[in-house]
$ cat data-v4.pdb   # PDB, C-alpha atoms and all ligand atoms
ATOM      1  CA  MET A 150     239.812-116.196 114.384
ATOM      2  CA  THR A 151     242.824-118.217 113.250
ATOM      3  CA  ALA A 152     244.959-119.682 116.022
ATOM      4  CA  SER A 153     247.818-122.084 116.477
ATOM      5  CA  MET A 154     247.060-124.724 119.092
ATOM      6  CA  THR A 155     248.077-128.105 120.376
ATOM      7  CA  CYS A 156     245.213-130.575 120.132
ATOM      8  CA  LYS A 157     244.779-133.994 121.670
ATOM      9  CA  VAL A 158     243.776-136.882 119.405
ATOM     10  CA  ALA A 159     240.358-138.018 120.670
ATOM     11  CA  ALA A 160     239.995-140.888 118.194
ATOM     12  CA  HIS A 161     241.673-142.074 115.018
ATOM     13  CA  GLY A 162     240.743-144.947 112.794
ATOM     14  CA  GLN A 163     240.617-146.352 109.284
ATOM     15  CA  ALA A 164     237.424-145.763 107.335
ATOM     16  CA  GLY A 165     238.357-147.277 103.961
ATOM     17  CA  PRO A 166     241.380-148.394 101.950
ATOM     18  CA  GLY A 167     244.123-145.964 103.033
ATOM     19  CA  ILE A 168     241.439-143.569 104.310
ATOM     20  CA  PHE A 169     241.413-142.369 107.915
ATOM     21  CA  ILE A 170     239.193-140.284 110.168
ATOM     22  CA  LEU A 171     240.986-138.238 112.801
ATOM     23  CA  GLU A 172     239.069-136.632 115.661
ATOM     24  CA  LEU A 173     240.843-133.800 117.490
ATOM     25  CA  LYS A 174     239.906-132.050 120.729
ATOM     26  CA  ALA A 175     239.602-128.453 119.548
ATOM     27  CA  ALA A 176     236.711-126.794 121.374
ATOM     28  CA  ALA A 177     237.815-123.345 120.192
ATOM     29  CA  LEU A 178     237.309-124.352 116.560
ATOM     30  CA  VAL A 179     233.864-125.857 116.949
ATOM     31  CA  SER A 180     232.062-122.532 116.825
ATOM     32  CA  ALA A 181     234.788-120.596 114.968
ATOM     33  CA  ALA A 182     234.980-122.805 111.864
ATOM     34  CA  GLY A 183     232.710-122.806 108.829
ATOM     35  CA  PRO A 184     232.196-125.493 106.173
ATOM     36  CA  GLY A 185     234.879-125.317 103.491
ATOM     37  CA  GLN A 186     237.559-124.069 105.863
ATOM     38  CA  PHE A 187     240.632-126.138 106.592
ATOM     39  CA  VAL A 188     243.287-126.702 109.218
ATOM     40  CA  HIS A 189     247.049-126.876 108.697
ATOM     41  CA  LEU A 190     248.617-129.717 110.679
ATOM     42  CA  LYS A 191     252.126-130.604 111.692
ATOM     43  CA  THR A 192     252.137-134.293 110.861
ATOM     44  CA  ALA A 193     255.165-135.061 113.072
ATOM     45  CA  ASP A 194     257.008-133.502 115.980
ATOM     46  CA  GLY A 195     260.253-131.765 115.034
ATOM     47  CA  ILE A 196     261.129-130.244 111.657
ATOM     48  CA  ASP A 197     260.777-133.169 109.264
ATOM     49  CA  PRO A 198     258.565-132.723 107.345
ATOM     50  CA  LEU A 199     259.002-128.996 107.704
ATOM     51  CA  TRP A 200     255.727-127.875 106.158
ATOM     52  CA  ARG A 201     252.320-128.399 107.623
ATOM     53  CA  ARG A 202     249.701-130.314 105.614
ATOM     54  CA  PRO A 203     246.215-128.865 104.899
ATOM     55  CA  PHE A 204     243.002-130.817 105.590
ATOM     56  CA  SER A 205     239.385-129.731 105.222
ATOM     57  CA  ILE A 206     237.209-129.838 108.291
ATOM     58  CA  HIS A 207     235.113-132.945 107.729
ATOM     59  CA  ARG A 208     232.694-132.338 110.558
ATOM     60  CA  VAL A 209     232.479-130.754 114.010
ATOM     61  CA  ASN A 210     231.080-132.461 117.096
ATOM     62  CA  ARG A 211     229.737-129.720 119.354
ATOM     63  CA  ARG A 212     228.949-132.059 122.230
ATOM     64  CA  ARG A 213     232.458-133.532 122.330
ATOM     65  CA  GLY A 214     234.207-130.245 121.498
ATOM     66  CA  THR A 215     236.005-131.911 118.601
ATOM     67  CA  ILE A 216     236.675-131.487 114.901
ATOM     68  CA  LEU A 217     236.924-134.444 112.529
ATOM     69  CA  LEU A 218     239.237-134.675 109.542
ATOM     70  CA  SER A 219     239.202-137.355 106.883
ATOM     71  CA  TYR A 220     242.263-138.012 104.779
ATOM     72  CA  ARG A 221     243.927-140.406 102.398
ATOM     73  CA  ARG A 222     247.429-141.682 103.181
ATOM     74  CA  ILE A 223     249.376-140.733 100.059
ATOM     75  CA  GLY A 224     252.860-139.574 101.063
ATOM     76  CA  ARG A 225     255.233-138.907 103.920
ATOM     77  CA  GLY A 226     253.106-136.441 105.880
ATOM     78  CA  THR A 227     249.907-138.456 105.794
ATOM     79  CA  SER A 228     251.836-141.681 106.555
ATOM     80  CA  LEU A 229     253.247-140.064 109.698
ATOM     81  CA  LEU A 230     249.821-138.718 110.583
ATOM     82  CA  ALA A 231     248.287-142.174 110.233
ATOM     83  CA  ARG A 232     250.553-143.390 113.077
ATOM     84  CA  ARG A 233     249.076-140.969 115.612
ATOM     85  CA  THR A 234     246.898-142.608 118.247
ATOM     86  CA  ALA A 235     244.341-141.416 120.813
ATOM     87  CA  GLY A 236     245.999-139.273 123.464
ATOM     88  CA  ASP A 237     248.805-138.020 121.174
ATOM     89  CA  THR A 238     249.017-134.287 120.557
ATOM     90  CA  ILE A 239     249.096-132.541 117.183
ATOM     91  CA  ASP A 240     250.019-128.946 116.414
ATOM     92  CA  LEU A 241     247.250-127.278 114.417
ATOM     93  CA  LEU A 242     246.767-123.895 112.747
ATOM     94  CA  GLY A 243     243.218-122.895 111.890
ATOM     95  CA  PRO A 244     240.545-122.418 110.908
ATOM     96  CA  LEU A 245     242.009-121.187 107.617
ATOM     97  CA  GLY A 246     240.551-119.965 104.338
ATOM     98  CA  ARG A 247     237.165-118.747 103.226
ATOM     99  CA  PRO A 248     234.163-120.993 103.907
ATOM    100  CA  PHE A 249     231.336-121.740 101.476
ATOM    101  CA  ASP A 250     228.841-118.896 101.175
ATOM    102  CA  LEU A 251     225.487-120.187 102.440
ATOM    103  CA  GLU A 252     223.743-116.820 102.575
ATOM    104  CA  GLY A 253     221.159-115.588 100.099
ATOM    105  CA  GLY A 254     218.169-117.072  98.412
ATOM    106  CA  PHE A 255     218.449-120.706  97.480
ATOM    107  CA  THR A 256     216.421-123.658  98.655
ATOM    108  CA  THR A 257     218.444-126.627  97.405
ATOM    109  CA  ALA A 258     222.178-127.214  97.372
ATOM    110  CA  VAL A 259     223.527-129.357  94.535
ATOM    111  CA  ILE A 260     226.819-130.804  95.790
ATOM    112  CA  ALA A 261     229.244-132.544  93.426
ATOM    113  CA  ALA A 262     232.161-134.298  95.108
ATOM    114  CA  GLY A 263     234.991-136.344  93.646
ATOM    115  CA  GLY A 264     236.841-138.943  95.738
ATOM    116  CA  LEU A 265     238.303-137.558  98.975
ATOM    117  CA  GLY A 266     236.971-134.205  97.782
ATOM    118  CA  ALA A 267     233.914-135.288  99.760
ATOM    119  CA  ALA A 268     235.864-134.485 102.953
ATOM    120  CA  PRO A 269     234.133-131.137 103.679
ATOM    121  CA  VAL A 270     230.663-132.310 102.604
ATOM    122  CA  PRO A 271     229.333-133.636 105.961
ATOM    123  CA  PHE A 272     230.159-130.291 107.625
ATOM    124  CA  LEU A 273     228.522-128.449 104.710
ATOM    125  CA  LEU A 274     225.396-130.621 104.980
ATOM    126  CA  ASP A 275     225.138-130.035 108.747
ATOM    127  CA  ALA A 276     225.207-126.266 108.142
ATOM    128  CA  LEU A 277     222.645-126.507 105.318
ATOM    129  CA  ARG A 278     220.281-128.589 107.459
ATOM    130  CA  ARG A 279     220.488-126.072 110.293
ATOM    131  CA  LYS A 280     219.295-123.481 107.782
ATOM    132  CA  GLY A 281     216.470-125.778 106.647
ATOM    133  CA  ARG A 282     217.914-126.165 103.144
ATOM    134  CA  LYS A 283     217.637-129.287 101.031
ATOM    135  CA  ALA A 284     220.622-130.944  99.371
ATOM    136  CA  VAL A 285     221.275-133.282  96.481
ATOM    137  CA  VAL A 286     224.702-134.916  96.789
ATOM    138  CA  LEU A 287     226.470-136.434  93.771
ATOM    139  CA  TRP A 288     229.574-138.330  94.866
ATOM    140  CA  GLY A 289     231.948-139.999  92.447
ATOM    141  CA  VAL A 290     234.675-142.450  93.482
ATOM    142  CA  ARG A 291     236.776-145.047  91.707
ATOM    143  CA  SER A 292     235.180-148.013  93.493
ATOM    144  CA  LYS A 293     232.563-148.544  96.191
ATOM    145  CA  THR A 294     235.186-149.337  98.862
ATOM    146  CA  GLU A 295     236.048-145.613  98.774
ATOM    147  CA  LEU A 296     232.543-144.579  99.907
ATOM    148  CA  TYR A 297     233.946-144.020 103.379
ATOM    149  CA  CYS A 298     231.508-141.455 104.794
ATOM    150  CA  LEU A 299     228.090-142.372 103.407
ATOM    151  CA  ASP A 300     226.533-142.430 106.884
ATOM    152  CA  ALA A 301     227.741-138.883 107.528
ATOM    153  CA  LEU A 302     226.028-137.733 104.313
ATOM    154  CA  ARG A 303     222.658-139.298 105.040
ATOM    155  CA  GLY A 304     220.116-137.178 106.850
ATOM    156  CA  ARG A 305     217.121-134.944 106.668
ATOM    157  CA  TYR A 306     216.429-133.135 103.368
ATOM    158  CA  THR A 307     219.286-134.943 101.597
ATOM    159  CA  SER A 308     219.292-137.241  98.602
ATOM    160  CA  ILE A 309     222.467-139.004  97.514
ATOM    161  CA  HIS A 310     223.541-140.210  94.064
ATOM    162  CA  ILE A 311     226.678-142.323  93.704
ATOM    163  CA  ALA A 312     228.942-142.791  90.688
ATOM    164  CA  THR A 313     231.739-145.353  90.600
ATOM    165  CA  GLU A 314     234.244-145.587  87.784
ATOM    166  CA  ASP A 315     234.281-149.403  87.999
ATOM    167  CA  GLY A 316     230.486-149.697  88.258
ATOM    168  CA  THR A 317     230.530-151.419  91.673
ATOM    169  CA  GLU A 318     227.898-149.014  93.035
ATOM    170  CA  GLY A 319     225.360-146.657  91.501
ATOM    171  CA  PHE A 320     225.969-145.009  88.146
ATOM    172  CA  ARG A 321     228.991-146.281  86.188
ATOM    173  CA  GLY A 322     231.228-143.361  85.306
ATOM    174  CA  ARG A 323     232.498-140.111  86.740
ATOM    175  CA  VAL A 324     230.607-137.658  88.893
ATOM    176  CA  THR A 325     230.589-135.159  86.019
ATOM    177  CA  ASP A 326     228.905-137.776  83.783
ATOM    178  CA  LEU A 327     226.379-138.343  86.555
ATOM    179  CA  PHE A 328     225.683-134.630  86.794
ATOM    180  CA  GLY A 329     225.173-134.510  83.026
ATOM    181  CA  ARG A 330     222.697-137.401  83.351
ATOM    182  CA  LEU A 331     220.733-135.661  86.133
ATOM    183  CA  ALA A 332     220.999-132.105  84.780
ATOM    184  CA  SER A 333     217.363-132.046  83.604
ATOM    185  CA  GLU A 334     216.269-132.339  87.274
ATOM    186  CA  PHE A 335     217.841-128.959  87.884
ATOM    187  CA  ALA A 336     216.736-127.434  84.587
ATOM    188  CA  SER A 337     214.590-124.718  86.151
ATOM    189  CA  GLY A 338     217.810-123.226  87.593
ATOM    190  CA  SER A 339     215.974-121.210  90.209
ATOM    191  CA  GLY A 340     216.366-122.067  93.872
ATOM    192  CA  PHE A 341     219.572-124.048  93.344
ATOM    193  CA  ARG A 342     223.144-123.335  94.340
ATOM    194  CA  GLY A 343     226.042-125.584  93.350
ATOM    195  CA  PHE A 344     228.957-126.655  95.527
ATOM    196  CA  ALA A 345     231.850-128.613  94.059
ATOM    197  CA  CYS A 346     234.813-130.213  95.777
ATOM    198  CA  GLY A 347     237.343-132.526  94.249
ATOM    199  CA  PRO A 348     240.526-132.724  92.224
ATOM    200  CA  MET A 349     241.328-130.078  89.596
ATOM    201  CA  PRO A 350     240.508-132.295  86.559
ATOM    202  CA  MET A 351     237.033-132.918  87.978
ATOM    203  CA  LEU A 352     236.437-129.213  88.594
ATOM    204  CA  LYS A 353     237.697-128.390  85.120
ATOM    205  CA  ALA A 354     235.297-130.928  83.573
ATOM    206  CA  LEU A 355     232.449-129.612  85.708
ATOM    207  CA  GLN A 356     232.973-125.952  84.825
ATOM    208  CA  PRO A 357     231.130-125.961  81.436
ATOM    209  CA  LEU A 358     228.331-128.141  82.830
ATOM    210  CA  ALA A 359     227.958-125.779  85.776
ATOM    211  CA  ALA A 360     227.866-122.797  83.426
ATOM    212  CA  ALA A 361     225.043-124.456  81.476
ATOM    213  CA  SER A 362     223.103-125.308  84.649
ATOM    214  CA  GLY A 363     221.811-121.766  85.052
ATOM    215  CA  PHE A 364     222.667-121.473  88.742
ATOM    216  CA  PRO A 365     225.834-120.318  90.521
ATOM    217  CA  TRP A 366     228.536-122.748  91.667
ATOM    218  CA  GLN A 367     231.229-122.452  94.304
ATOM    219  CA  ALA A 368     234.254-124.752  94.129
ATOM    220  CA  SER A 369     236.683-125.764  96.849
ATOM    221  CA  LEU A 370     240.219-126.202  95.473
ATOM    222  CA  GLU A 371     243.160-128.291  96.604
ATOM    223  CA  GLU A 372     246.704-127.114  95.884
ATOM    224  CA  ARG A 373     250.030-127.992  97.459
ATOM    225  CA  MET A 374     250.626-125.543 100.290
ATOM    226  CA  ALA A 375     253.501-124.276 102.387
ATOM    227  CA  CYS A 376     252.655-121.364 104.708
ATOM    228  CA  GLY A 377     248.855-121.727 104.478
ATOM    229  CA  VAL A 378     248.271-118.062 105.297
ATOM    230  CA  GLY A 379     248.818-116.143 102.057
ATOM    231  CA  VAL A 380     252.478-115.237 102.525
ATOM    232  CA  CYS A 381     254.629-117.550 100.365
ATOM    233  CA  GLN A 382     252.459-117.399  97.190
ATOM    234  CA  GLY A 383     253.092-121.121  96.751
ATOM    235  CA  CYS A 384     249.464-122.013  96.129
ATOM    236  CA  VAL A 385     248.315-119.459  93.550
ATOM    237  CA  VAL A 386     245.678-120.201  90.930
ATOM    238  CA  ARG A 387     244.821-118.083  87.913
ATOM    239  CA  MET A 388     241.438-116.479  87.471
ATOM    240  CA  LYS A 389     239.770-115.722  84.124
ATOM    241  CA  ASN A 390     240.516-112.018  84.627
ATOM    242  CA  ARG A 391     244.242-113.032  84.560
ATOM    243  CA  GLN A 392     244.732-112.205  88.219
ATOM    244  CA  TYR A 393     246.226-114.755  90.590
ATOM    245  CA  ARG A 394     244.688-115.754  93.922
ATOM    246  CA  THR A 395     246.082-117.809  96.784
ATOM    247  CA  VAL A 396     244.095-120.962  97.508
ATOM    248  CA  CYS A 397     244.966-120.790 101.219
ATOM    249  CA  ALA A 398     243.881-117.224 101.989
ATOM    250  CA  ASP A 399     241.646-116.093  99.077
ATOM    251  CA  GLY A 400     240.117-119.593  98.834
ATOM    252  CA  PRO A 401     239.946-122.508  99.046
ATOM    253  CA  VAL A 402     236.373-121.689  97.991
ATOM    254  CA  PHE A 403     236.035-119.724  94.732
ATOM    255  CA  ASP A 404     233.320-118.933  92.233
ATOM    256  CA  LEU A 405     233.732-121.886  89.821
ATOM    257  CA  ALA A 406     232.953-119.690  86.795
ATOM    258  CA  GLU A 407     235.879-117.368  87.593
ATOM    259  CA  LEU A 408     238.608-120.040  87.668
ATOM    260  CA  ASP A 409     240.966-120.369  84.711
ATOM    261  CA  PHE A 410     241.835-124.066  84.301
ATOM    262  CA  HIS A 411     244.509-123.437  81.693
ATOM    263  CA  ASP A 412     246.311-126.520  80.304
TER     264      ASP A 412
HETATM  265  C1  LIG A 501     242.569-126.696 101.338
HETATM  266  C2  LIG A 501     242.954-128.153 101.245
HETATM  267  C3  LIG A 501     242.193-129.102 101.882
HETATM  268  C4  LIG A 501     242.543-130.454 101.805
HETATM  269  N1  LIG A 501     241.756-131.347 102.447
HETATM  270  C5  LIG A 501     242.074-132.651 102.401
HETATM  271  C6  LIG A 501     241.267-133.594 103.088
HETATM  272  O1  LIG A 501     240.299-133.240 103.761
HETATM  273  N2  LIG A 501     241.625-134.892 103.003
HETATM  274  C7  LIG A 501     242.727-135.314 102.265
HETATM  275  O2  LIG A 501     243.011-136.501 102.217
HETATM  276  N3  LIG A 501     243.493-134.432 101.616
HETATM  277  C8  LIG A 501     243.203-133.116 101.674
HETATM  278  N4  LIG A 501     244.003-132.212 101.032
HETATM  279  C9  LIG A 501     245.212-132.715 100.358
HETATM  280  C10 LIG A 501     246.274-132.997 101.435
HETATM  281  O3  LIG A 501     246.693-131.782 101.992
HETATM  282  C11 LIG A 501     247.446-133.744 100.821
HETATM  283  O4  LIG A 501     247.008-135.027 100.452
HETATM  284  C12 LIG A 501     248.582-133.891 101.818
HETATM  285  O5  LIG A 501     249.132-132.627 102.077
HETATM  286  C13 LIG A 501     249.601-134.835 101.296
HETATM  287  O6  LIG A 501     250.669-134.848 102.206
HETATM  288  P1  LIG A 501     251.762-136.010 102.151
HETATM  289  O7  LIG A 501     252.961-135.498 102.880
HETATM  290  O8  LIG A 501     251.193-137.291 102.607
HETATM  291  O9  LIG A 501     252.068-136.162 100.618
HETATM  292  P2  LIG A 501     253.389-135.675  99.869
HETATM  293  O10 LIG A 501     254.491-136.621 100.224
HETATM  294  O11 LIG A 501     253.604-134.219 100.102
HETATM  295  O12 LIG A 501     252.923-135.901  98.365
HETATM  296  C14 LIG A 501     252.537-137.205  97.881
HETATM  297  C15 LIG A 501     251.876-137.061  96.523
HETATM  298  O13 LIG A 501     250.645-136.356  96.634
HETATM  299  C16 LIG A 501     250.622-135.198  95.811
HETATM  300  N5  LIG A 501     249.962-134.120  96.556
HETATM  301  C17 LIG A 501     250.323-133.641  97.763
HETATM  302  N6  LIG A 501     249.497-132.640  98.150
HETATM  303  C18 LIG A 501     248.593-132.487  97.164
HETATM  304  C19 LIG A 501     247.485-131.613  96.959
HETATM  305  N7  LIG A 501     247.151-130.671  97.822
HETATM  306  N8  LIG A 501     246.779-131.744  95.813
HETATM  307  C20 LIG A 501     247.123-132.665  94.899
HETATM  308  N9  LIG A 501     248.156-133.520  95.027
HETATM  309  C21 LIG A 501     248.898-133.446  96.137
HETATM  310  C22 LIG A 501     252.099-134.896  95.567
HETATM  311  O14 LIG A 501     252.278-134.181  94.354
HETATM  312  C23 LIG A 501     252.715-136.253  95.512
HETATM  313  O15 LIG A 501     252.562-136.853  94.263
HETATM  314  C24 LIG A 501     243.689-130.865 101.077
HETATM  315  C25 LIG A 501     244.477-129.906 100.424
HETATM  316  C26 LIG A 501     244.104-128.570 100.503
HETATM  317  C27 LIG A 501     244.934-127.546  99.826
HETATM  318  S1  LIG A 502     250.511-121.691 100.937
HETATM  319 FE1  LIG A 502     251.666-119.850 101.190
HETATM  320  S2  LIG A 502     250.433-118.421 100.098
HETATM  321 FE2  LIG A 502     249.223-120.212 100.107
END
$ encode --input "data-v4.pdb" --output "structure tokens" --more "lines below"
Ligand SMILES: Cc1cc2nc3c(=O)[nH]c(=O)nc-3n(C[C@H](O)[C@H](O)[C@H](O)COP(=O)(O)OP(=O)(O)OC[C@H]3O[C@@H](n4cnc5c(N)ncnc54)[C@H](O)[C@@H]3O)c2cc1C
Ligand code: FES
Amino acid sequence: MTASMTCKVAAHGQAGPGIFILELKAAALVSAAGPGQFVHLKTADGIDPLWRRPFSIHRVNRRRGTILLSYRRIGRGTSLLARRTAGDTIDLLGPLGRPFDLEGGFTTAVIAAGGLGAAPVPFLLDALRRKGRKAVVLWGVRSKTELYCLDALRGRYTSIHIATEDGTEGFRGRVTDLFGRLASEFASGSGFRGFACGPMPMLKALQPLAAASGFPWQASLEERMACGVGVCQGCVVRMKNRQYRTVCADGPVFDLAELDFHD
């Protein structure tokens, strides 16, 4: 159930260039949240900035009763957030949105993540492992310094493939190129389910490759948001059937094949 709450910062630190991991005391969310869901944070006290900022749940720590978020400092809200220290309080609304669908018959998750789009992947992997499912993670970043959460990805039943645009680690190129290179490994189609998270251009480039893969793909979208709860219609995306859906309430997870990435 979605709730508004004031959470204490349990820990906060830098994990890469301009990349931070924020741990919040939020025991109520630990069992309520699912992978792919997000929280909407007030990044400062008072009314400036007015709108909350959305962040995927990166991981939950059941023992500590905390949720972890990972974010890149890119503008005013995230710059203010980056100043918060342990013991500060933050106003949070969540968990919001539809989580990834992990039900049904598949044995191996194929996860394609671009940049900070990897934020929800550790939480997704934890849920997959609890269900005894295997995972192949393909993560593309600009340079190896941005591989901020590799340790959180490693674990039972999981293999990881890295792509860097500058060639400093793994395959040289984008994550979609890497998927194209590895596609024959998934050629049988059966037993696989795809999960994609990253910026819109990456998801757009992945869509035809995913369609050719022969197995279904879910994609987690990022759009600028205001209310975060389906009221303002500020975050709509168009579907192939010409209907519009809100990313905050109908998503952020959608069937990748149904999205209309018009130019
Ligand atoms: C469901 C969801 C989950 C998200 N999860 C994460 C996460 O886990 N980690 C993370 O770092 N970011 C995540 N984001 C993006 C994050 O919300 C934005 O980076 C943040 O709101 C920027 O706030 P700001 O005030 O610092 O930037 P602003 O000052 O508002 O904007 C700075 C620049 O960033 C661009 N921008 C802002 N928001 C977005 C966006 N949503 N998509 C694309 N460009 C944007 C603006 O156009 C502008 O150029 C998520 C977004 C959504 C919708
Ligand atoms: S942000 Fe208001 S409807 Fe999605």
$ atom_distance --input "data-v4.pdb" --atom1 "atom CA of Ala181 of chain A" --atom2 "atom CA of Arg208 of chain A"
12.7 Å
$ closest_residue --input "data-v4.pdb" --among "A:Arg233, A:Gly319, A:Phe403, A:Gly183" --to "Leu277 of chain A" --atoms "all atoms listed in the file"
A:Gly183
$ closest_residue --input "data-v4.pdb" --among "A:Thr155, A:Thr192, A:Thr215, A:Ser308" --to "Ala284 of chain A" --atoms "all atoms listed in the file"
A:Ser308
$ atom_distance --input "data-v4.pdb" --atom1 "atom CA of Thr151 of chain A" --atom2 "atom CA of Ile216 of chain A"
14.7 Å
$ residues_around --input "data-v4.pdb" --residues "Pro348 of chain A" --least-positions-apart "6" --cutoff "8 Å" --atoms "all atoms listed in the file" --output "MDAnalysis selection string"
chainID A and resid 263 266 370:371
$ atom_distance --input "data-v4.pdb" --atom1 "atom CA of Thr307 of chain A" --atom2 "atom CA of Gly340 of chain A"
15.3 Å
$ resolve_selection --input "data-v4.pdb" --expression "the PyMOL selection byres (((chain A and resi 351-366) around 6) and not hetatm)" --output "ChimeraX atom specification"
/A:325,338,342-344,348-350,367,405
$ resolve_selection --input "data-v4.pdb" --expression "the PyMOL selection byres (((chain A and resi 173) around 7) and not hetatm)" --output "list of chain:residue names"
A:Cys156, A:Lys157, A:Val158, A:Ala159, A:Leu171, A:Glu172, A:Lys174, A:Ala175, A:Thr215, A:Ile216, A:Leu217
$ residues_around --input "data-v4.pdb" --residues "Arg221 of chain A" --least-positions-apart "2" --cutoff "7 Å" --atoms "only C-alpha atoms" --output "MDAnalysis selection string"
chainID A and resid 167:169 223
$ residues_near_ligand --input "data-v4.pdb" --ligand "ligand LIG 501 (chain A)" --cutoff "8 Å" --atoms "all atoms listed in the file" --output "ChimeraX atom specification"
/A:168,186-188,198,201-207,218-229,246,265-269,348,369-374,396-397,400-401
$ resolve_selection --input "data-v4.pdb" --expression "the PyMOL selection byres (((chain A and resi 302) around 9) and not hetatm)" --output "NGL selection string"
:A and (270-271 or 274-275 or 286 or 298-301 or 303-304 or 307-309)
$ closest_residue --input "data-v4.pdb" --among "A:Ile170, A:Ala177, A:Cys346, A:Val378" --to "Met150 of chain A" --atoms "all atoms listed in the file"
A:Ala177
$ residues_near_ligand --input "data-v4.pdb" --ligand "ligand LIG 502 (chain A)" --cutoff "8 Å" --atoms "all atoms listed in the file" --output "list of chain:residue names"
A:Arg373, A:Met374, A:Ala375, A:Cys376, A:Gly377, A:Val378, A:Gly379, A:Val380, A:Cys381, A:Gln382, A:Gly383, A:Cys384, A:Val385, A:Thr395, A:Val396, A:Cys397, A:Ala398
$ closest_residue --input "data-v4.pdb" --among "A:Asp194, A:Glu318, A:Leu242, A:Glu334" --to "Leu296 of chain A" --atoms "all atoms listed in the file"
A:Glu318
$ closest_residue --input "data-v4.pdb" --among "A:Asp250, A:Val324, A:Asp315, A:Leu245" --to "Ala368 of chain A" --atoms "all atoms listed in the file"
A:Asp250
$ closest_residue --input "data-v4.pdb" --among "A:Ser333, A:Ser339, A:Gln163, A:Ser292" --to "Glu314 of chain A" --atoms "all atoms listed in the file"
A:Ser292
$ residues_near_point --input "data-v4.pdb" --point "(218.5, -126.4, 96.8)" --cutoff "7 Å" --atoms "all atoms listed in the file" --output "number ranges by chain"
A: 255-259, 282-284, 340-342
